[in-house]
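Below is one structure, written out as structure tokens; comments come after it.
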Amino acid sequence: MYRILLVDDEILVRDAIKENIDWKSMDCQLVGDCENGKQAADFVKSHPVDIVLTDILMPYMDGMELSHFLHDNYPEIVIVIFSGFGEFEYAKKAIQYNVSEYMLKPVTAMELREVIGKMKEKVDLQRKEKKKIESLTKTSQDYHKNALVIRSKAIESLVSCTRDVQESLEELSGMGINLEAASYRVALFDMDLFSDIHQIDMEKRQESALMAFVLFNVADEIVTDRNAGIAYQEGNNRVCILFMGNRSREFSREIQEICQEIQKKVKEVIGIEASAGIGGWVRNPGDTIQSHNQAEKAIELRYLLGGNLLIDTETLNPERSISLQQPLSDMVDGIKKGNEAEMNQALSIMKSEIKKARVDKSQACVCLQMILRHAGSCWEALSSENEDLFHKREILMGQVTEQKTFKEAFKMAEDYVHEVFERCSSLNSSSGQKQAVLAMEYIRQHYNEPELGLNDICSYLNIGTSYFSTIFKEATGGTFLEFLSKTRMEKAKELLEQTALKNYEIAEKVGFSDPHYFGISFKKMTGKTPTEYAREKRSL
């Protein structure tokens with residue numbers, strides 16, 4: 001039987017719904033009807049309710065406020081909101097309160113029966129989930145009362161070296177556990193859903209210990225059947241296996257098969273994927289911490305490679321250094337030439353190289369920031385209007401470090417590169433515009449040459465001076481000399497702010513053979529002499 005509460009400030013609406021629905025045939029009971037949210041909130045405090053059907057606009061407490069109250073205090077109650085046409089978008093904001101359905105007034109009996117049918121299914125699902133959690137909770141509580149907890153703690157202390165090795169071995173011996181073997185390996189299992197690669201709510205996090213218990217049971221059963229070692233829980237969320245036996249190719253293969261079997265069985269039982277790392281071989285129980293640390297490091301590759309991993313550190317290729325210089329150069333060339341295929345290939349190579357190098361998260365983020373910088377520099381080199389993309393790049397530099405997986409972080413960097421490509425391609429859409437862009441880039445590369453002049457640019461572009469002057473002014477709003485002077489002065493300001501170079505040295509570096517003329521030009525543009533400017537900026 002499904003218990004339903006009706007809430008509407010119009011008595012005619014309430015009466016119509018009560019009389020036109022055959023509640024009994026739907027296995028439902030209308031346990032109450034209230035004229036506002038305040039009455040409904042008081043009602044559910046003393047009466048069990050499965051489904052609430054509520055209007056949106058009511059006195060004292062409206063449907064939104066009631067939904068908020070139920071969400072915070074009775075999250076198991078399923079909510080359906082009625083609303084008039086003008087209130088519909090407002091009602092949809094109640095999604096944050098887990099409202100399951102929105103119905104537009106007037107509501108027909110047929111529509112209401114269909115919605116109630118769907119809500120019954122949702123109630124059934126919630127009841128099933130609640131029963132599962134209660135069952136797991138009881139099983140977990142029983143488990144924590146028995147000796148398996150003591151066993152897990154003792155083995156964890158041995159492997160983590162938090163106690164004297166001999167003391168741990170003696171304690172385990174007292175439990176009838178003999179750890180004598182030729183060699184040892186540690187495998188570590190961690191459920192992907194509860195790891196750092198997923199964003200989960202508090203309710204799910206509370207389930208993690210229960211799910212870890214299921215993982216432990218599966219691992220313990222399989223490892224015991226194979227007589228390959230012993231399983232133990234590490235903290236609340238992880239499960240480890242201490243494998244014991246001869247160091248042989250056959251046993252190593254069997255260890256991988258056992259881990260795969262555990263992953264498969266856990267997925268079947270609770271629908272959750274677990275990643276596993278297998279550490280290297282050691283000869284003594286006191287050295288198992290080395291194998292454990294290797295297994296833990298292997299698990300960290302989830303950031304790069306995603307979940308459901310099985311990483312055997314004995315079969316991994318040695319770590320290698322990573323160099324992105326060539327693909328970064330190719331990416332920049334692709335952007336500047338408008339060659340999207342070349343740019344995409346360079347991105348694909350960099351993504352593959354970062355993964356192959358098995359770098360940690362911080363190193364991977366440094367690589368992504370390099371990609372962002374190089375892409376942004378393309379736009380800065382080709383356009384004087386770069387504030388928006390520059391600002392976006394600075395924001396992304398931080399955001400890529402906050403992503404849960406490399407896949408998500410790389411996608412952000414990749415999207416930015418494509419945006420830069422589109423902007424640059426748009427800039428190069430006409431022949432004249434493209435030549436003006438090439439001219440600006442040439443000036444930025446050769447501004448420090450005192451003899452740089454209009455003829456040099458025109459020779460480089462193979463066009464006439466008159467035509468060049470026209471297209472350049474259309475693109476920049478100014479003349480060649482104005483752009484050259486601005487470029488030189490911007491560089492001069494940078495050197496005055498960041499270095500202790502003399503004025504004549506700076507003049508030479510920005511393309512002025514006459515330091516006196518440099519000083520005159522600088523004051524004309526900035527209103528200050530180079531010395532005044534430097535003194536002001538360096539004192540800040």
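Simple scheme: letters A, B, ... for chains in structure tokens order, numbers from 1 for residues in each chain, numbers from 1 for ligands in the order shown.
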Do a neighbour search on stretch 122-139 of chain A at 10 Å with only C-alpha atoms, toss out local chain neighbours closer than 4 positions, and write the hits as a ChimeraX atom specification.
-> /A:2,50-51,76-78,100,116-118,143-144,207,209-211,213-214
Atoms kept (all heavy atoms) for selection, written as a compact mmCIF listing (two decimals), in the first residue's frame:
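In the end it all went to result.txt:
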# COMPACT_ATOMS: atom_id res chain seq x y z
N TYR A 2 0.51 2.20 -0.89
CA TYR A 2 1.29 3.44 -1.01
C TYR A 2 0.48 4.58 -0.40
O TYR A 2 -0.67 4.82 -0.78
CB TYR A 2 1.59 3.73 -2.49
CG TYR A 2 2.34 2.62 -3.16
CD1 TYR A 2 1.66 1.53 -3.70
CD2 TYR A 2 3.72 2.64 -3.25
CE1 TYR A 2 2.34 0.49 -4.30
CE2 TYR A 2 4.42 1.60 -3.85
CZ TYR A 2 3.71 0.53 -4.36
OH TYR A 2 4.38 -0.51 -4.95
N ASP A 50 4.26 8.23 1.73
CA ASP A 50 5.18 7.82 0.66
C ASP A 50 5.27 8.86 -0.45
O ASP A 50 6.34 9.10 -1.01
CB ASP A 50 4.74 6.48 0.06
CG ASP A 50 4.77 5.35 1.07
OD1 ASP A 50 5.80 5.23 1.77
OD2 ASP A 50 3.77 4.61 1.19
N ILE A 51 4.11 9.44 -0.81
CA ILE A 51 4.05 10.37 -1.94
C ILE A 51 3.28 11.61 -1.53
O ILE A 51 2.21 11.51 -0.93
CB ILE A 51 3.37 9.71 -3.17
CG1 ILE A 51 4.10 8.43 -3.59
CG2 ILE A 51 3.29 10.70 -4.34
CD1 ILE A 51 3.34 7.60 -4.62
N GLU A 76 12.98 10.43 1.95
CA GLU A 76 12.40 9.24 1.33
C GLU A 76 11.05 9.53 0.69
O GLU A 76 10.55 8.73 -0.12
CB GLU A 76 12.28 8.11 2.35
CG GLU A 76 11.19 8.31 3.40
CD GLU A 76 11.63 9.21 4.56
OE1 GLU A 76 12.75 9.76 4.49
OE2 GLU A 76 10.86 9.36 5.52
N ILE A 77 10.42 10.66 1.02
CA ILE A 77 9.11 10.99 0.46
C ILE A 77 9.27 11.48 -0.97
O ILE A 77 10.08 12.36 -1.26
CB ILE A 77 8.39 12.05 1.32
CG1 ILE A 77 8.04 11.48 2.70
CG2 ILE A 77 7.13 12.55 0.62
CD1 ILE A 77 7.35 12.47 3.63
N VAL A 78 8.46 10.92 -1.88
CA VAL A 78 8.48 11.32 -3.29
C VAL A 78 7.52 12.50 -3.48
O VAL A 78 6.39 12.47 -2.98
CB VAL A 78 8.07 10.14 -4.18
CG1 VAL A 78 7.99 10.58 -5.63
CG2 VAL A 78 9.05 8.98 -4.02
N SER A 100 10.18 14.97 -8.05
CA SER A 100 10.23 13.91 -9.06
C SER A 100 9.41 14.22 -10.30
O SER A 100 9.70 13.70 -11.38
CB SER A 100 9.72 12.60 -8.45
OG SER A 100 10.53 12.23 -7.35
N ILE A 116 1.13 8.83 -10.72
CA ILE A 116 1.17 8.05 -9.48
C ILE A 116 1.79 6.68 -9.74
O ILE A 116 2.56 6.15 -8.91
CB ILE A 116 -0.24 7.92 -8.88
CG1 ILE A 116 -0.70 9.29 -8.35
CG2 ILE A 116 -0.26 6.89 -7.74
CD1 ILE A 116 -2.15 9.32 -7.88
N GLY A 117 1.49 6.11 -10.91
CA GLY A 117 2.10 4.82 -11.26
C GLY A 117 3.61 4.91 -11.30
O GLY A 117 4.33 4.04 -10.79
N LYS A 118 4.13 6.00 -11.90
CA LYS A 118 5.59 6.19 -11.96
C LYS A 118 6.17 6.43 -10.57
O LYS A 118 7.26 5.96 -10.24
CB LYS A 118 5.93 7.35 -12.89
CG LYS A 118 5.73 7.04 -14.36
CD LYS A 118 6.38 8.09 -15.25
CE LYS A 118 5.71 9.43 -15.15
NZ LYS A 118 6.30 10.43 -16.08
N TYR A 143 29.96 -8.30 11.39
CA TYR A 143 31.35 -8.52 11.02
C TYR A 143 32.31 -7.86 12.00
O TYR A 143 33.29 -8.43 12.44
CB TYR A 143 31.59 -7.98 9.60
CG TYR A 143 33.04 -7.67 9.30
CD1 TYR A 143 33.96 -8.68 9.10
CD2 TYR A 143 33.47 -6.35 9.22
CE1 TYR A 143 35.29 -8.39 8.83
CE2 TYR A 143 34.78 -6.05 8.95
CZ TYR A 143 35.69 -7.08 8.76
OH TYR A 143 37.00 -6.79 8.50
N HIS A 144 31.99 -6.62 12.36
CA HIS A 144 32.88 -5.87 13.24
C HIS A 144 32.93 -6.46 14.66
O HIS A 144 33.77 -6.05 15.45
CB HIS A 144 32.47 -4.40 13.30
CG HIS A 144 32.89 -3.64 12.08
ND1 HIS A 144 34.21 -3.38 11.78
CD2 HIS A 144 32.15 -3.12 11.06
CE1 HIS A 144 34.28 -2.72 10.64
NE2 HIS A 144 33.04 -2.55 10.18
N GLU A 207 27.96 4.86 2.44
CA GLU A 207 27.84 3.47 1.99
C GLU A 207 29.21 2.83 1.74
O GLU A 207 29.30 1.62 1.62
CB GLU A 207 27.04 3.40 0.68
CG GLU A 207 25.57 3.73 0.82
CD GLU A 207 24.86 3.57 -0.51
OE1 GLU A 207 25.35 2.77 -1.35
OE2 GLU A 207 23.85 4.22 -0.73
N ALA A 209 31.93 2.16 3.43
CA ALA A 209 32.42 1.13 4.34
C ALA A 209 31.65 -0.17 4.16
O ALA A 209 32.22 -1.27 4.24
CB ALA A 209 32.32 1.61 5.78
N LEU A 210 30.34 -0.04 3.89
CA LEU A 210 29.52 -1.23 3.68
C LEU A 210 29.91 -1.95 2.40
O LEU A 210 30.00 -3.18 2.35
CB LEU A 210 28.04 -0.84 3.63
CG LEU A 210 27.51 -0.06 4.84
CD1 LEU A 210 26.07 0.37 4.62
CD2 LEU A 210 27.63 -0.90 6.11
N MET A 211 30.15 -1.18 1.35
CA MET A 211 30.55 -1.78 0.08
C MET A 211 31.95 -2.39 0.18
O MET A 211 32.24 -3.42 -0.43
CB MET A 211 30.52 -0.72 -1.03
CG MET A 211 29.14 -0.12 -1.28
SD MET A 211 27.87 -1.37 -1.60
CE MET A 211 26.43 -0.32 -1.80
N PHE A 213 33.09 -3.81 2.76
CA PHE A 213 32.90 -5.09 3.43
C PHE A 213 32.54 -6.18 2.43
O PHE A 213 33.02 -7.32 2.51
CB PHE A 213 31.81 -4.96 4.50
CG PHE A 213 31.34 -6.27 5.06
CD1 PHE A 213 32.20 -7.07 5.80
CD2 PHE A 213 30.05 -6.70 4.85
CE1 PHE A 213 31.77 -8.29 6.30
CE2 PHE A 213 29.62 -7.90 5.35
CZ PHE A 213 30.47 -8.70 6.08
N VAL A 214 31.68 -5.84 1.47
CA VAL A 214 31.33 -6.80 0.42
C VAL A 214 32.58 -7.15 -0.39
O VAL A 214 32.83 -8.32 -0.70
CB VAL A 214 30.24 -6.22 -0.51
CG1 VAL A 214 29.95 -7.19 -1.65
CG2 VAL A 214 28.97 -5.92 0.27
Within 10 Å of stretch 411-425 of chain A, counting only C-alpha atoms, which residues qualify if same-chain residues fewer than 2 places away don't, as number ranges by chain?
-> A: 331-332, 334-340, 343-344, 347-348, 351, 368-380, 382-383, 389, 392-393, 396-397, 399-400, 403, 406-409, 427-430, 434, 437
What does the file look like for those residues with C-alpha atoms, as an mmCIF file, in the first residue's frame?
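Final output, saved to out_29.cif:
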data_model
loop_
_atom_site.group_PDB
_atom_site.id
_atom_site.type_symbol
_atom_site.label_atom_id
_atom_site.label_comp_id
_atom_site.auth_asym_id
_atom_site.auth_seq_id
_atom_site.Cartn_x
_atom_site.Cartn_y
_atom_site.Cartn_z
ATOM 1 C CA MET A 331 50.401 22.475 -32.400
ATOM 2 C CA VAL A 332 51.434 26.127 -32.657
ATOM 3 C CA GLY A 334 48.910 24.089 -36.979
ATOM 4 C CA ILE A 335 47.097 26.990 -35.307
ATOM 5 C CA LYS A 336 49.046 29.678 -37.174
ATOM 6 C CA LYS A 337 48.759 27.932 -40.547
ATOM 7 C CA GLY A 338 45.081 27.111 -40.071
ATOM 8 C CA ASN A 339 45.911 23.395 -40.351
ATOM 9 C CA GLU A 340 43.441 21.745 -37.978
ATOM 10 C CA MET A 343 46.993 20.715 -34.575
ATOM 11 C CA ASN A 344 44.763 17.763 -33.606
ATOM 12 C CA LEU A 347 47.237 17.231 -29.268
ATOM 13 C CA SER A 348 46.722 13.487 -29.661
ATOM 14 C CA LYS A 351 47.872 13.161 -24.651
ATOM 15 C CA LEU A 368 48.400 20.895 -19.597
ATOM 16 C CA GLN A 369 49.371 24.394 -18.489
ATOM 17 C CA MET A 370 52.151 24.379 -21.103
ATOM 18 C CA ILE A 371 49.567 23.539 -23.758
ATOM 19 C CA LEU A 372 47.367 26.421 -22.576
ATOM 20 C CA ARG A 373 50.290 28.874 -22.572
ATOM 21 C CA HIS A 374 51.447 27.955 -26.076
ATOM 22 C CA ALA A 375 47.923 28.135 -27.497
ATOM 23 C CA GLY A 376 47.296 31.495 -25.830
ATOM 24 C CA SER A 377 50.585 32.850 -27.145
ATOM 25 C CA CYS A 378 49.394 32.135 -30.710
ATOM 26 C CA TRP A 379 46.448 34.453 -30.270
ATOM 27 C CA GLU A 380 48.553 37.087 -28.518
ATOM 28 C CA LEU A 382 48.363 37.344 -34.056
ATOM 29 C CA SER A 383 46.013 39.873 -32.491
ATOM 30 C CA LEU A 389 41.191 34.740 -24.288
ATOM 31 C CA LYS A 392 40.099 32.667 -19.891
ATOM 32 C CA ARG A 393 43.524 31.038 -20.121
ATOM 33 C CA LEU A 396 41.849 27.499 -16.957
ATOM 34 C CA MET A 397 45.417 27.307 -15.626
ATOM 35 C CA GLN A 399 40.841 24.812 -13.225
ATOM 36 C CA VAL A 400 42.802 22.004 -14.876
ATOM 37 C CA GLN A 403 39.632 18.185 -12.195
ATOM 38 C CA PHE A 406 43.191 13.682 -16.613
ATOM 39 C CA LYS A 407 40.507 13.038 -19.224
ATOM 40 C CA GLU A 408 38.400 15.921 -17.880
ATOM 41 C CA ALA A 409 41.407 18.222 -17.486
ATOM 42 C CA LEU A 427 41.203 36.452 -38.183
ATOM 43 C CA ASN A 428 42.850 34.906 -41.227
ATOM 44 C CA SER A 429 39.592 34.591 -43.174
ATOM 45 C CA SER A 430 40.520 37.169 -45.809
ATOM 46 C CA LYS A 434 45.902 37.300 -43.043
ATOM 47 C CA VAL A 437 48.297 39.347 -39.082
#
Please identify all polymer residues within 12 Å of A:Leu53, counting only C-alpha atoms, omitting same-chain residues fewer than 5 positions from it, and present them as a count of residues only.
-> 40
Nearest to A:Phe410 among A:Val49, A:Leu304, A:Ser362, A:Asp330, with distances taken over only C-alpha atoms: which residue is it?
-> A:Leu304
Taking the DSSP assignment computed from this structure's backbone, write out as a PyMOL selection string all residues of stretch 58-297 of chain A that belong to strand (DSSP E or B).
-> chain A and resi 78-83+101-104+183-191+229-234+238-245+274-278+282
Counting only C-alpha atoms, the residue among A:Glu180, A:Tyr517, A:Ser321, A:Asn448 that lies closest to A:Ala357 is A:Ser321
Nearby residues (only C-alpha atoms) at most 9 Å from A:Ile311, same-chain spacing under 2 positions excluded, as an mmCIF file with C-alpha atoms, in the first residue's frame:
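Output file out.cif follows:
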data_model
loop_
_atom_site.group_PDB
_atom_site.id
_atom_site.type_symbol
_atom_site.label_atom_id
_atom_site.label_comp_id
_atom_site.auth_asym_id
_atom_site.auth_seq_id
_atom_site.Cartn_x
_atom_site.Cartn_y
_atom_site.Cartn_z
ATOM 1 C CA SER A 275 40.720 -0.726 -9.408
ATOM 2 C CA ALA A 276 43.615 -2.892 -8.252
ATOM 3 C CA GLY A 277 47.349 -2.347 -8.014
ATOM 4 C CA ILE A 278 49.763 -5.235 -7.479
ATOM 5 C CA GLY A 279 53.101 -4.434 -5.859
ATOM 6 C CA ALA A 295 50.524 -1.101 -5.310
ATOM 7 C CA ALA A 298 49.791 1.975 -9.259
ATOM 8 C CA ILE A 299 46.271 2.837 -8.033
ATOM 9 C CA LEU A 301 47.286 5.975 -12.208
ATOM 10 C CA LEU A 309 42.301 -0.689 -13.636
ATOM 11 C CA THR A 313 53.963 -3.195 -11.256
ATOM 12 C CA GLU A 314 56.145 -6.172 -12.219
ATOM 13 C CA THR A 315 54.998 -5.938 -15.842
ATOM 14 C CA LEU A 316 55.049 -2.143 -16.208
#
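Using only C-alpha atoms, the smallest distance between any of A:His68, A:Glu114, A:Gly176, A:Tyr60 and A:Met26 comes from A:Glu114.
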Quick one: pull the distance between atom CA of A:Val159 and atom CA of A:Asn293, Å, one decimal.
->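 So the two atoms, atom CA of A:Val159 and atom CA of A:Asn293, lie 9.8 Å apart.
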Grab the atom CA of A:Ser485 to atom CA of A:Ser426 distance for me, in Å with one decimal place.
-> 26.5 Å
Atomic separation - atom CA of A:Gly271 relative to atom CA of A:Thr224, Å =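 Going from atom CA of A:Thr224 over to atom CA of A:Gly271 covers 22.9 Å.
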Nearby residues (only C-alpha atoms) at most 8 Å from stretch 488-497 of chain A, same-chain spacing under 6 positions excluded, as a PyMOL selection string | chain A and resi 447-448+506-507+510-511+522+525+530+533-534+537-538
Those same residues, written as a PDB file, in the first residue's frame with C-alpha atoms?
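Result written to out-v2.pdb:
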ATOM      1  CA  TYR A 447      61.063  44.920 -33.336  1.00  0.00           C
ATOM      2  CA  ASN A 448      64.595  44.982 -31.840  1.00  0.00           C
ATOM      3  CA  ILE A 506      67.022  49.101 -23.008  1.00  0.00           C
ATOM      4  CA  ALA A 507      66.978  51.442 -26.006  1.00  0.00           C
ATOM      5  CA  VAL A 510      64.044  47.464 -28.284  1.00  0.00           C
ATOM      6  CA  GLY A 511      65.490  48.680 -31.580  1.00  0.00           C
ATOM      7  CA  PHE A 522      59.059  57.002 -24.583  1.00  0.00           C
ATOM      8  CA  MET A 525      53.888  57.793 -25.500  1.00  0.00           C
ATOM      9  CA  PRO A 530      62.200  56.079 -18.811  1.00  0.00           C
ATOM     10  CA  TYR A 533      58.691  55.328 -15.197  1.00  0.00           C
ATOM     11  CA  ALA A 534      61.212  52.858 -13.760  1.00  0.00           C
ATOM     12  CA  LYS A 537      57.108  50.987 -11.045  1.00  0.00           C
ATOM     13  CA  ARG A 538      60.008  49.591  -9.023  1.00  0.00           C
TER      14      ARG A 538
END
Please identify all polymer residues within 7 Å of A:Arg283, counting only C-alpha atoms, omitting same-chain residues fewer than 5 positions from it, and present them as an MDAnalysis selection string.
-> chainID A and resid 182:184
Same residues, N, CA, C and O atoms, output as a PDB file, in the first residue's frame:
ATOM      1  N   ALA A 182      58.073 -18.236   0.780  1.00  0.00           N
ATOM      2  CA  ALA A 182      59.315 -17.900   0.085  1.00  0.00           C
ATOM      3  C   ALA A 182      59.327 -16.439  -0.336  1.00  0.00           C
ATOM      4  O   ALA A 182      60.356 -15.768  -0.268  1.00  0.00           O
ATOM      5  N   SER A 183      58.157 -15.928  -0.759  1.00  0.00           N
ATOM      6  CA  SER A 183      58.061 -14.535  -1.225  1.00  0.00           C
ATOM      7  C   SER A 183      56.663 -14.000  -0.957  1.00  0.00           C
ATOM      8  O   SER A 183      55.721 -14.768  -0.708  1.00  0.00           O
ATOM      9  N   TYR A 184      56.559 -12.660  -1.036  1.00  0.00           N
ATOM     10  CA  TYR A 184      55.286 -11.993  -0.730  1.00  0.00           C
ATOM     11  C   TYR A 184      55.020 -10.887  -1.749  1.00  0.00           C
ATOM     12  O   TYR A 184      55.942 -10.258  -2.272  1.00  0.00           O
TER      13      TYR A 184
END
Selection near A:Asp27, 9 Å with only C-alpha atoms, sequence-local residues under 2 positions removed, as a PyMOL selection string = chain A and resi 1-2+23-25+29
Output N, CA, C and O atoms for every residue in the selection just made, as a PDB file, in the first residue's frame.
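Output below, filename selection.pdb:
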ATOM      1  N   MET A   1       0.848  -1.203   0.000  1.00  0.00           N
ATOM      2  CA  MET A   1       0.000   0.000   0.000  1.00  0.00           C
ATOM      3  C   MET A   1       0.881   1.249   0.000  1.00  0.00           C
ATOM      4  O   MET A   1       1.836   1.350   0.759  1.00  0.00           O
ATOM      5  N   TYR A   2       0.514   2.203  -0.886  1.00  0.00           N
ATOM      6  CA  TYR A   2       1.289   3.440  -1.007  1.00  0.00           C
ATOM      7  C   TYR A   2       0.484   4.577  -0.397  1.00  0.00           C
ATOM      8  O   TYR A   2      -0.670   4.816  -0.778  1.00  0.00           O
ATOM      9  N   TRP A  23      -8.468   5.020  -5.633  1.00  0.00           N
ATOM     10  CA  TRP A  23      -7.203   4.798  -4.927  1.00  0.00           C
ATOM     11  C   TRP A  23      -6.960   3.325  -4.632  1.00  0.00           C
ATOM     12  O   TRP A  23      -5.836   2.830  -4.770  1.00  0.00           O
ATOM     13  N   LYS A  24      -8.010   2.625  -4.248  1.00  0.00           N
ATOM     14  CA  LYS A  24      -7.841   1.221  -3.839  1.00  0.00           C
ATOM     15  C   LYS A  24      -7.362   0.356  -4.993  1.00  0.00           C
ATOM     16  O   LYS A  24      -6.509  -0.519  -4.827  1.00  0.00           O
ATOM     17  N   SER A  25      -7.914   0.625  -6.197  1.00  0.00           N
ATOM     18  CA  SER A  25      -7.504  -0.189  -7.354  1.00  0.00           C
ATOM     19  C   SER A  25      -6.037   0.041  -7.719  1.00  0.00           C
ATOM     20  O   SER A  25      -5.416  -0.786  -8.376  1.00  0.00           O
ATOM     21  N   GLN A  29      -3.514   4.613  -0.777  1.00  0.00           N
ATOM     22  CA  GLN A  29      -4.402   5.126   0.269  1.00  0.00           C
ATOM     23  C   GLN A  29      -4.157   6.618   0.420  1.00  0.00           C
ATOM     24  O   GLN A  29      -3.024   7.046   0.645  1.00  0.00           O
TER      25      GLN A  29
END
DSSP-assigned helix (DSSP H, G or I) members of stretch 330-534 of chain A, reported as an MDAnalysis selection string = chainID A and resid 330:337 340:356 361:382 387:402 406:427 431:446 454:461 465:476 480:498 503:509 515:526 530:534
Looking at only C-alpha atoms, which of A:Ala187, A:Ile463, A:Val266, A:Ile457 is the one that sits closest to A:Leu484?
->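 For A:Leu484, the nearest of the candidates is A:Ile457.
Across A:Leu57, A:Ile150, A:Ile177, A:Met110, the tightest approach to A:Asp22 is made by A:Met110 when counting only C-alpha atoms.
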